[in-house]
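As stored in upload-v8.cif (mmCIF, N, CA and C atoms):
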```cif
data_data
#
loop_
_atom_site.label_atom_id
_atom_site.label_comp_id
_atom_site.auth_asym_id
_atom_site.auth_seq_id
_atom_site.Cartn_x
_atom_site.Cartn_y
_atom_site.Cartn_z
N MET A 1100 0.85 -1.17 0.00
CA MET A 1100 0.00 0.00 0.00
C MET A 1100 0.90 1.24 0.00
N LYS A 1101 0.51 2.24 -0.75
CA LYS A 1101 1.29 3.45 -0.86
C LYS A 1101 0.97 4.42 0.28
N PHE A 1102 1.88 5.35 0.50
CA PHE A 1102 1.76 6.33 1.58
C PHE A 1102 0.47 7.15 1.47
N GLU A 1103 0.21 7.74 0.30
CA GLU A 1103 -0.97 8.58 0.12
C GLU A 1103 -2.27 7.78 0.20
N THR A 1104 -2.23 6.56 -0.32
CA THR A 1104 -3.40 5.68 -0.23
C THR A 1104 -3.71 5.35 1.22
N GLY A 1105 -2.65 5.06 1.99
CA GLY A 1105 -2.82 4.77 3.41
C GLY A 1105 -3.43 5.94 4.16
N LYS A 1106 -3.00 7.16 3.83
CA LYS A 1106 -3.56 8.35 4.48
C LYS A 1106 -5.04 8.52 4.15
N LYS A 1107 -5.41 8.29 2.89
CA LYS A 1107 -6.82 8.42 2.49
C LYS A 1107 -7.68 7.36 3.21
N ILE A 1108 -7.17 6.15 3.25
CA ILE A 1108 -7.91 5.07 3.93
C ILE A 1108 -8.09 5.39 5.41
N LEU A 1109 -7.05 5.91 6.04
CA LEU A 1109 -7.15 6.26 7.45
C LEU A 1109 -8.20 7.35 7.69
N LYS A 1110 -8.27 8.33 6.81
CA LYS A 1110 -9.27 9.39 6.96
C LYS A 1110 -10.68 8.83 6.84
N ILE A 1111 -10.91 8.01 5.81
CA ILE A 1111 -12.25 7.47 5.57
C ILE A 1111 -12.66 6.51 6.69
N ASN A 1112 -11.80 5.55 7.01
CA ASN A 1112 -12.14 4.58 8.06
C ASN A 1112 -12.22 5.24 9.43
N GLY A 1113 -11.39 6.24 9.66
CA GLY A 1113 -11.48 6.98 10.92
C GLY A 1113 -12.83 7.66 11.08
N THR A 1114 -13.31 8.24 10.00
CA THR A 1114 -14.63 8.89 10.03
C THR A 1114 -15.73 7.87 10.29
N LEU A 1115 -15.65 6.72 9.63
CA LEU A 1115 -16.65 5.66 9.85
C LEU A 1115 -16.62 5.17 11.30
N LEU A 1116 -15.42 5.01 11.85
CA LEU A 1116 -15.31 4.58 13.25
C LEU A 1116 -15.87 5.62 14.21
N ILE A 1117 -15.62 6.89 13.94
CA ILE A 1117 -16.14 7.94 14.81
C ILE A 1117 -17.67 7.94 14.80
N ILE A 1118 -18.26 7.83 13.62
CA ILE A 1118 -19.72 7.80 13.52
C ILE A 1118 -20.29 6.58 14.26
N GLY A 1119 -19.69 5.41 14.01
CA GLY A 1119 -20.15 4.20 14.69
C GLY A 1119 -19.95 4.27 16.20
N ALA A 1120 -18.85 4.89 16.63
CA ALA A 1120 -18.57 5.00 18.06
C ALA A 1120 -19.59 5.90 18.75
N ILE A 1121 -19.93 7.00 18.10
CA ILE A 1121 -20.93 7.90 18.70
C ILE A 1121 -22.26 7.19 18.85
N ILE A 1122 -22.66 6.44 17.83
CA ILE A 1122 -23.92 5.68 17.91
C ILE A 1122 -23.84 4.64 19.03
N THR A 1123 -22.70 3.93 19.12
CA THR A 1123 -22.52 2.91 20.16
C THR A 1123 -22.57 3.52 21.56
N ILE A 1124 -21.91 4.66 21.74
CA ILE A 1124 -21.92 5.31 23.05
C ILE A 1124 -23.33 5.75 23.42
N LEU A 1125 -24.06 6.33 22.47
CA LEU A 1125 -25.43 6.76 22.75
C LEU A 1125 -26.33 5.57 23.10
N LEU A 1126 -26.20 4.48 22.36
CA LEU A 1126 -26.99 3.29 22.67
C LEU A 1126 -26.59 2.69 24.03
N GLY A 1127 -25.30 2.74 24.35
CA GLY A 1127 -24.84 2.26 25.66
C GLY A 1127 -25.41 3.09 26.79
N ILE A 1128 -25.42 4.41 26.61
CA ILE A 1128 -26.01 5.29 27.63
C ILE A 1128 -27.49 5.00 27.77
N PHE A 1129 -28.18 4.82 26.65
CA PHE A 1129 -29.61 4.51 26.68
C PHE A 1129 -29.86 3.20 27.43
N SER A 1130 -29.06 2.18 27.14
CA SER A 1130 -29.21 0.88 27.81
C SER A 1130 -28.94 1.01 29.30
N PHE A 1131 -27.91 1.75 29.66
CA PHE A 1131 -27.55 1.94 31.07
C PHE A 1131 -28.67 2.67 31.81
N VAL A 1132 -29.19 3.73 31.21
CA VAL A 1132 -30.27 4.51 31.83
C VAL A 1132 -31.54 3.67 31.94
N LEU A 1133 -31.83 2.90 30.89
CA LEU A 1133 -33.02 2.05 30.92
C LEU A 1133 -32.90 0.99 32.02
N GLY A 1134 -31.70 0.42 32.16
CA GLY A 1134 -31.48 -0.55 33.24
C GLY A 1134 -31.59 0.10 34.60
N GLY A 1135 -31.07 1.33 34.72
CA GLY A 1135 -31.18 2.05 35.99
C GLY A 1135 -32.63 2.37 36.33
N ALA A 1136 -33.42 2.69 35.31
CA ALA A 1136 -34.84 2.94 35.53
C ALA A 1136 -35.55 1.66 35.95
N GLY A 1137 -35.04 0.54 35.43
CA GLY A 1137 -35.63 -0.76 35.79
C GLY A 1137 -35.45 -1.10 37.26
N THR A 1138 -34.41 -0.55 37.89
CA THR A 1138 -34.21 -0.82 39.32
C THR A 1138 -35.26 -0.13 40.17
N GLN A 1139 -35.94 0.87 39.62
CA GLN A 1139 -36.96 1.61 40.36
C GLN A 1139 -38.35 0.98 40.23
N MET A 1140 -38.46 -0.11 39.46
CA MET A 1140 -39.75 -0.77 39.30
C MET A 1140 -40.16 -1.42 40.61
N PRO A 1141 -41.45 -1.37 40.91
CA PRO A 1141 -41.90 -2.03 42.13
C PRO A 1141 -41.73 -3.55 42.01
N ASP A 1142 -41.36 -4.17 43.08
CA ASP A 1142 -41.21 -5.63 43.17
C ASP A 1142 -40.12 -6.18 42.25
N VAL A 1143 -39.15 -5.36 41.88
CA VAL A 1143 -38.10 -5.86 40.98
C VAL A 1143 -37.21 -6.88 41.68
N THR A 1144 -37.04 -6.76 42.97
CA THR A 1144 -36.16 -7.69 43.68
C THR A 1144 -36.83 -9.03 43.94
N GLU A 1145 -38.15 -9.11 43.77
CA GLU A 1145 -38.85 -10.36 44.03
C GLU A 1145 -38.80 -11.33 42.86
N ASP A 1146 -38.60 -10.83 41.66
CA ASP A 1146 -38.57 -11.68 40.48
C ASP A 1146 -37.13 -11.79 39.97
N PRO A 1147 -36.53 -12.98 40.07
CA PRO A 1147 -35.14 -13.13 39.64
C PRO A 1147 -34.91 -12.81 38.16
N LYS A 1148 -35.92 -13.07 37.34
CA LYS A 1148 -35.76 -12.77 35.91
C LYS A 1148 -35.71 -11.26 35.67
N LEU A 1149 -36.46 -10.50 36.44
CA LEU A 1149 -36.39 -9.04 36.31
C LEU A 1149 -35.03 -8.51 36.76
N VAL A 1150 -34.52 -9.05 37.85
CA VAL A 1150 -33.20 -8.64 38.34
C VAL A 1150 -32.14 -8.96 37.29
N GLU A 1151 -32.24 -10.13 36.71
CA GLU A 1151 -31.29 -10.55 35.68
C GLU A 1151 -31.37 -9.64 34.45
N GLY A 1152 -32.59 -9.30 34.05
CA GLY A 1152 -32.76 -8.43 32.89
C GLY A 1152 -32.25 -7.02 33.14
N VAL A 1153 -32.51 -6.49 34.32
CA VAL A 1153 -32.04 -5.15 34.67
C VAL A 1153 -30.51 -5.13 34.72
N ALA A 1154 -29.93 -6.15 35.34
CA ALA A 1154 -28.47 -6.22 35.42
C ALA A 1154 -27.85 -6.36 34.03
N ALA A 1155 -28.50 -7.13 33.17
CA ALA A 1155 -27.99 -7.29 31.80
C ALA A 1155 -28.03 -5.96 31.05
N LEU A 1156 -29.09 -5.19 31.23
CA LEU A 1156 -29.17 -3.88 30.58
C LEU A 1156 -28.06 -2.95 31.08
N ILE A 1157 -27.85 -2.94 32.37
CA ILE A 1157 -26.83 -2.05 32.95
C ILE A 1157 -25.44 -2.45 32.46
N PHE A 1158 -25.11 -3.73 32.57
CA PHE A 1158 -23.76 -4.17 32.19
C PHE A 1158 -23.52 -4.12 30.68
N SER A 1159 -24.56 -4.39 29.88
CA SER A 1159 -24.37 -4.27 28.44
C SER A 1159 -24.21 -2.80 28.05
N GLY A 1160 -24.87 -1.91 28.77
CA GLY A 1160 -24.69 -0.48 28.54
C GLY A 1160 -23.28 -0.03 28.86
N ILE A 1161 -22.74 -0.51 29.97
CA ILE A 1161 -21.36 -0.18 30.34
C ILE A 1161 -20.39 -0.73 29.30
N GLY A 1162 -20.61 -1.96 28.87
CA GLY A 1162 -19.75 -2.56 27.84
C GLY A 1162 -19.80 -1.80 26.53
N ALA A 1163 -20.99 -1.37 26.14
CA ALA A 1163 -21.13 -0.61 24.90
C ALA A 1163 -20.45 0.75 25.00
N ILE A 1164 -20.54 1.38 26.15
CA ILE A 1164 -19.89 2.68 26.34
C ILE A 1164 -18.37 2.52 26.24
N ILE A 1165 -17.81 1.50 26.90
CA ILE A 1165 -16.37 1.26 26.85
C ILE A 1165 -15.93 0.94 25.42
N SER A 1166 -16.67 0.08 24.75
CA SER A 1166 -16.36 -0.27 23.37
C SER A 1166 -16.44 0.95 22.46
N GLY A 1167 -17.45 1.78 22.67
CA GLY A 1167 -17.61 2.99 21.87
C GLY A 1167 -16.47 3.98 22.09
N ILE A 1168 -16.02 4.10 23.33
CA ILE A 1168 -14.90 5.00 23.62
C ILE A 1168 -13.63 4.51 22.94
N CYS A 1169 -13.38 3.21 22.99
CA CYS A 1169 -12.20 2.65 22.30
C CYS A 1169 -12.28 2.92 20.80
N SER A 1170 -13.44 2.71 20.20
CA SER A 1170 -13.60 2.96 18.76
C SER A 1170 -13.48 4.44 18.44
N LEU A 1171 -13.98 5.29 19.33
CA LEU A 1171 -13.88 6.73 19.12
C LEU A 1171 -12.42 7.19 19.12
N VAL A 1172 -11.66 6.72 20.09
CA VAL A 1172 -10.24 7.08 20.16
C VAL A 1172 -9.49 6.54 18.94
N GLU A 1173 -9.80 5.30 18.55
CA GLU A 1173 -9.18 4.72 17.35
C GLU A 1173 -9.52 5.56 16.12
N GLY A 1174 -10.76 5.98 15.99
CA GLY A 1174 -11.17 6.79 14.86
C GLY A 1174 -10.51 8.16 14.85
N ILE A 1175 -10.39 8.78 16.02
CA ILE A 1175 -9.75 10.09 16.10
C ILE A 1175 -8.28 10.00 15.70
N PHE A 1176 -7.57 9.01 16.25
CA PHE A 1176 -6.16 8.87 15.90
C PHE A 1176 -5.97 8.46 14.44
N SER A 1177 -6.90 7.71 13.90
CA SER A 1177 -6.83 7.35 12.48
C SER A 1177 -6.96 8.60 11.61
N ARG A 1178 -7.90 9.47 11.96
CA ARG A 1178 -8.05 10.71 11.20
C ARG A 1178 -6.81 11.59 11.33
N LEU A 1179 -6.28 11.70 12.54
CA LEU A 1179 -5.07 12.52 12.74
C LEU A 1179 -3.89 11.97 11.95
N THR A 1180 -3.74 10.65 11.95
CA THR A 1180 -2.65 10.04 11.19
C THR A 1180 -2.88 10.24 9.69
N GLY A 1181 -4.13 10.18 9.27
CA GLY A 1181 -4.45 10.41 7.87
C GLY A 1181 -4.15 11.84 7.43
N LYS A 1182 -4.24 12.79 8.35
CA LYS A 1182 -3.96 14.18 7.99
C LYS A 1182 -2.47 14.46 7.89
N ASN A 1183 -1.71 14.08 8.93
CA ASN A 1183 -0.29 14.45 8.91
C ASN A 1183 0.67 13.30 9.21
N GLY A 1184 0.19 12.15 9.55
CA GLY A 1184 1.04 10.98 9.75
C GLY A 1184 1.78 10.94 11.07
N ARG A 1185 1.57 11.91 11.94
CA ARG A 1185 2.35 11.98 13.18
C ARG A 1185 2.02 10.89 14.19
N PHE A 1186 0.81 10.40 14.19
CA PHE A 1186 0.38 9.46 15.22
C PHE A 1186 0.28 8.03 14.70
N ALA A 1187 1.15 7.64 13.79
CA ALA A 1187 1.06 6.31 13.17
C ALA A 1187 1.24 5.20 14.20
N THR A 1188 2.17 5.35 15.13
CA THR A 1188 2.39 4.31 16.14
C THR A 1188 1.19 4.17 17.07
N VAL A 1189 0.63 5.29 17.50
CA VAL A 1189 -0.54 5.25 18.37
C VAL A 1189 -1.72 4.63 17.62
N THR A 1190 -1.85 4.96 16.34
CA THR A 1190 -2.92 4.37 15.52
C THR A 1190 -2.75 2.87 15.41
N LEU A 1191 -1.51 2.41 15.26
CA LEU A 1191 -1.25 0.96 15.22
C LEU A 1191 -1.70 0.29 16.52
N ILE A 1192 -1.39 0.90 17.64
CA ILE A 1192 -1.77 0.33 18.94
C ILE A 1192 -3.29 0.26 19.07
N PHE A 1193 -3.96 1.36 18.70
CA PHE A 1193 -5.42 1.36 18.82
C PHE A 1193 -6.08 0.45 17.78
N ALA A 1194 -5.44 0.25 16.65
CA ALA A 1194 -5.97 -0.70 15.67
C ALA A 1194 -5.92 -2.12 16.22
N ILE A 1195 -4.82 -2.45 16.92
CA ILE A 1195 -4.72 -3.77 17.56
C ILE A 1195 -5.80 -3.91 18.63
N LEU A 1196 -5.97 -2.86 19.44
CA LEU A 1196 -7.04 -2.88 20.45
C LEU A 1196 -8.41 -2.99 19.80
N GLY A 1197 -8.58 -2.36 18.63
CA GLY A 1197 -9.84 -2.45 17.90
C GLY A 1197 -10.13 -3.86 17.43
N VAL A 1198 -9.09 -4.57 16.98
CA VAL A 1198 -9.27 -5.97 16.56
C VAL A 1198 -9.65 -6.83 17.78
N ILE A 1199 -9.00 -6.59 18.91
CA ILE A 1199 -9.32 -7.34 20.13
C ILE A 1199 -10.75 -7.03 20.57
N ASN A 1200 -11.12 -5.75 20.51
CA ASN A 1200 -12.48 -5.33 20.85
C ASN A 1200 -13.50 -5.99 19.93
N ALA A 1201 -13.21 -6.02 18.64
CA ALA A 1201 -14.11 -6.66 17.67
C ALA A 1201 -14.22 -8.16 17.91
N ALA A 1202 -13.10 -8.78 18.25
CA ALA A 1202 -13.13 -10.23 18.53
C ALA A 1202 -13.96 -10.52 19.77
N ALA A 1203 -13.82 -9.69 20.81
CA ALA A 1203 -14.61 -9.88 22.03
C ALA A 1203 -16.10 -9.67 21.76
N ALA A 1204 -16.41 -8.64 20.98
CA ALA A 1204 -17.81 -8.38 20.63
C ALA A 1204 -18.37 -9.51 19.78
N SER A 1205 -17.55 -10.05 18.88
CA SER A 1205 -17.99 -11.16 18.03
C SER A 1205 -18.28 -12.39 18.88
N TYR A 1206 -17.38 -12.69 19.80
CA TYR A 1206 -17.59 -13.84 20.68
C TYR A 1206 -18.88 -13.67 21.48
N ASN A 1207 -19.09 -12.47 22.00
CA ASN A 1207 -20.30 -12.19 22.78
C ASN A 1207 -21.55 -12.36 21.92
N GLU A 1208 -21.52 -11.84 20.70
CA GLU A 1208 -22.65 -11.96 19.79
C GLU A 1208 -22.92 -13.41 19.43
N PHE A 1209 -21.87 -14.16 19.11
CA PHE A 1209 -22.03 -15.56 18.72
C PHE A 1209 -22.54 -16.41 19.89
N SER A 1210 -22.08 -16.11 21.10
CA SER A 1210 -22.52 -16.90 22.24
C SER A 1210 -23.98 -16.63 22.58
N LYS A 1211 -24.45 -15.41 22.31
CA LYS A 1211 -25.85 -15.08 22.58
C LYS A 1211 -26.78 -15.53 21.46
N SER A 1212 -26.39 -15.22 20.22
CA SER A 1212 -27.30 -15.40 19.10
C SER A 1212 -27.01 -16.62 18.24
N GLY A 1213 -25.84 -17.20 18.40
CA GLY A 1213 -25.46 -18.30 17.53
C GLY A 1213 -24.97 -17.76 16.20
N LEU A 1214 -24.60 -18.66 15.33
CA LEU A 1214 -24.10 -18.25 14.02
C LEU A 1214 -25.27 -18.00 13.07
N SER A 1215 -25.36 -16.79 12.60
CA SER A 1215 -26.33 -16.45 11.55
C SER A 1215 -25.65 -15.45 10.63
N THR A 1216 -26.25 -15.22 9.50
CA THR A 1216 -25.66 -14.29 8.53
C THR A 1216 -25.53 -12.90 9.14
N THR A 1217 -26.53 -12.45 9.85
CA THR A 1217 -26.51 -11.11 10.45
C THR A 1217 -25.40 -10.96 11.47
N THR A 1218 -25.26 -11.95 12.36
CA THR A 1218 -24.23 -11.83 13.39
C THR A 1218 -22.83 -11.92 12.79
N ILE A 1219 -22.67 -12.73 11.76
CA ILE A 1219 -21.35 -12.84 11.12
C ILE A 1219 -20.98 -11.52 10.45
N ILE A 1220 -21.91 -10.92 9.73
CA ILE A 1220 -21.63 -9.66 9.03
C ILE A 1220 -21.38 -8.54 10.02
N SER A 1221 -22.25 -8.40 11.02
CA SER A 1221 -22.09 -7.29 11.97
C SER A 1221 -20.83 -7.44 12.80
N ALA A 1222 -20.45 -8.67 13.12
CA ALA A 1222 -19.25 -8.89 13.91
C ALA A 1222 -17.99 -8.68 13.08
N SER A 1223 -18.08 -8.88 11.78
CA SER A 1223 -16.91 -8.77 10.91
C SER A 1223 -16.57 -7.34 10.52
N VAL A 1224 -17.56 -6.45 10.50
CA VAL A 1224 -17.34 -5.10 10.00
C VAL A 1224 -16.29 -4.36 10.82
N LEU A 1225 -16.44 -4.33 12.14
CA LEU A 1225 -15.49 -3.61 12.99
C LEU A 1225 -14.10 -4.24 12.91
N CYS A 1226 -14.05 -5.54 12.85
CA CYS A 1226 -12.76 -6.22 12.75
C CYS A 1226 -12.06 -5.86 11.44
N VAL A 1227 -12.80 -5.87 10.34
CA VAL A 1227 -12.22 -5.52 9.05
C VAL A 1227 -11.74 -4.07 9.04
N LEU A 1228 -12.55 -3.16 9.60
CA LEU A 1228 -12.14 -1.76 9.68
C LEU A 1228 -10.83 -1.61 10.45
N SER A 1229 -10.73 -2.30 11.57
CA SER A 1229 -9.52 -2.19 12.38
C SER A 1229 -8.30 -2.78 11.68
N VAL A 1230 -8.49 -3.90 10.97
CA VAL A 1230 -7.37 -4.51 10.24
C VAL A 1230 -6.92 -3.58 9.11
N VAL A 1231 -7.87 -2.98 8.39
CA VAL A 1231 -7.53 -2.05 7.31
C VAL A 1231 -6.80 -0.83 7.88
N ILE A 1232 -7.26 -0.32 9.02
CA ILE A 1232 -6.58 0.80 9.66
C ILE A 1232 -5.17 0.41 10.06
N PHE A 1233 -5.00 -0.79 10.58
CA PHE A 1233 -3.68 -1.28 10.96
C PHE A 1233 -2.74 -1.30 9.76
N LEU A 1234 -3.20 -1.87 8.64
CA LEU A 1234 -2.37 -1.95 7.44
C LEU A 1234 -2.07 -0.56 6.86
N ALA A 1235 -3.06 0.33 6.89
CA ALA A 1235 -2.84 1.68 6.38
C ALA A 1235 -1.86 2.44 7.27
N ALA A 1236 -1.95 2.25 8.58
CA ALA A 1236 -1.02 2.92 9.49
C ALA A 1236 0.41 2.41 9.28
N ILE A 1237 0.56 1.14 8.98
CA ILE A 1237 1.89 0.60 8.67
C ILE A 1237 2.43 1.27 7.41
N ALA A 1238 1.58 1.42 6.40
CA ALA A 1238 2.02 2.06 5.15
C ALA A 1238 2.42 3.51 5.39
N VAL A 1239 1.65 4.22 6.22
CA VAL A 1239 1.98 5.62 6.51
C VAL A 1239 3.29 5.70 7.30
N LYS A 1240 3.45 4.79 8.25
CA LYS A 1240 4.68 4.79 9.06
C LYS A 1240 5.91 4.50 8.19
N LYS A 1241 5.79 3.54 7.28
CA LYS A 1241 6.89 3.25 6.36
C LYS A 1241 7.17 4.44 5.44
N GLY A 1242 6.09 5.10 4.99
CA GLY A 1242 6.24 6.26 4.13
C GLY A 1242 6.94 7.40 4.83
N LEU A 1243 6.68 7.55 6.13
CA LEU A 1243 7.34 8.61 6.91
C LEU A 1243 8.83 8.31 7.08
N LYS A 1244 9.17 7.04 7.27
CA LYS A 1244 10.58 6.67 7.43
C LYS A 1244 11.35 6.88 6.14
N ASN A 1245 10.71 6.62 5.01
CA ASN A 1245 11.37 6.77 3.72
C ASN A 1245 11.46 8.22 3.26
N ALA A 1246 10.66 9.09 3.86
CA ALA A 1246 10.65 10.50 3.42
C ALA A 1246 11.81 11.28 3.99
#
```
Let me see whether you can do it: turn the structure in this file into structure tokens.
Amino acid sequence: MKFETGKKILKINGTLLIIGAIITILLGIFSFVLGGAGTQMPDVTEDPKLVEGVAALIFSGIGAIISGICSLVEGIFSRLTGKNGRFATVTLIFAILGVINAAAASYNEFSKSGLSTTTIISASVLCVLSVVIFLAAIAVKKGLKNA
């Protein structure tokens, strides 16, 4: 991959990650707030299934917020590296974290929903974005060394 191509890819994928991260953070906040509201329901402690559902909403909201923050930081550094190439090493690190984050989300999705076309596609998108960002950051870093 060429230096300029890597920079363009980082800008585009960084923007996609930022948009997806904002949506993920908002949905995580919504899930967390909804779970918190569920704790105020009358007789919630008497029904174990309600307690389990409320706890699942709260913890999935926290997980989504953390995942969204990681994707947001990865997207921001990808855009910065795409503009001037200064943060190529940091982008590489966050791309690796993005792949780990995508793998964890994929495992969670597969364990809950099983293998279906929808879960495979949705779990693969973030992983592919992070791998492409990783490869583009390597190209930018090599281009900076050669310049």
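If you count only C-alpha atoms and ignore residues fewer than 6 places along the chain from A:Ala1194, what sits within 10 Å of it is A:Cys1169, A:Ser1170, A:Val1172, A:Glu1173, A:Gly1174, A:Phe1176, A:Ser1177, A:Thr1188, A:Asn1200, A:Cys1226, A:Leu1228, A:Ser1229, A:Val1230, A:Val1231, A:Ile1232, A:Phe1233, A:Leu1234, A:Ala1236.
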Next item on the list: Pick out the closest residue to A:Val1150 from this set: A:Leu1179, A:Gly1137, A:Glu1208, A:Met1100. Count all atoms listed in the file.
Entry: A:Gly1137
Checklist line | Surrounding residues of A:Gly1119 excluding itself and chain neighbours under 5 positions, 7 Å, all atoms listed in the file, as an MDAnalysis selection string | finding: chainID A and resid 1114 1124 1167 1170:1171
Checklist line | Counting all atoms listed in the file, the option among A:Ala1187, A:Ile1157, A:Val1224, A:Leu1116 closest to A:Ile1237 | finding: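 Of the candidates, the smallest distance to A:Ile1237 is held by A:Ala1187.
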Notebook entry, point to check: Restricting the calculation to only C-alpha atoms, which member of A:Gln1139, A:Ser1205, A:Ser1166, A:Asn1112 is positioned closest to A:Val1153?
Noted result: A:Gln1139
Notebook entry, point to check: Hey, can you check how far atom C of A:Lys1106 sits from atom CA of A:Ala1235?
Noted result: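 These two atoms are separated by 7.5 Å.
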Check: Can you tell me, as a VMD selection string, which residues sit within 8 Å of (-22.3, -6.4, 22.1) in the file's frame, using all atoms listed in the file?
Finding: chain A and resid 1159 1162 to 1163 1203 to 1205 1207 to 1208
Written selection (N, CA and C atoms) as a compact mmCIF listing (two decimals), in the coordinates of the input:
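Result file out.txt:
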```txt
# COMPACT_ATOMS: atom_id res chain seq x y z
N SER A 1159 -24.56 -4.39 29.88
CA SER A 1159 -24.37 -4.27 28.44
C SER A 1159 -24.21 -2.80 28.05
N GLY A 1162 -20.61 -1.96 28.87
CA GLY A 1162 -19.75 -2.56 27.84
C GLY A 1162 -19.80 -1.80 26.53
N ALA A 1163 -20.99 -1.37 26.14
CA ALA A 1163 -21.13 -0.61 24.90
C ALA A 1163 -20.45 0.75 25.00
N ALA A 1203 -13.82 -9.69 20.81
CA ALA A 1203 -14.61 -9.88 22.03
C ALA A 1203 -16.10 -9.67 21.76
N ALA A 1204 -16.41 -8.64 20.98
CA ALA A 1204 -17.81 -8.38 20.63
C ALA A 1204 -18.37 -9.51 19.78
N SER A 1205 -17.55 -10.05 18.88
CA SER A 1205 -17.99 -11.16 18.03
C SER A 1205 -18.28 -12.39 18.88
N ASN A 1207 -19.09 -12.47 22.00
CA ASN A 1207 -20.30 -12.19 22.78
C ASN A 1207 -21.55 -12.36 21.92
N GLU A 1208 -21.52 -11.84 20.70
CA GLU A 1208 -22.65 -11.96 19.79
C GLU A 1208 -22.92 -13.41 19.43
```
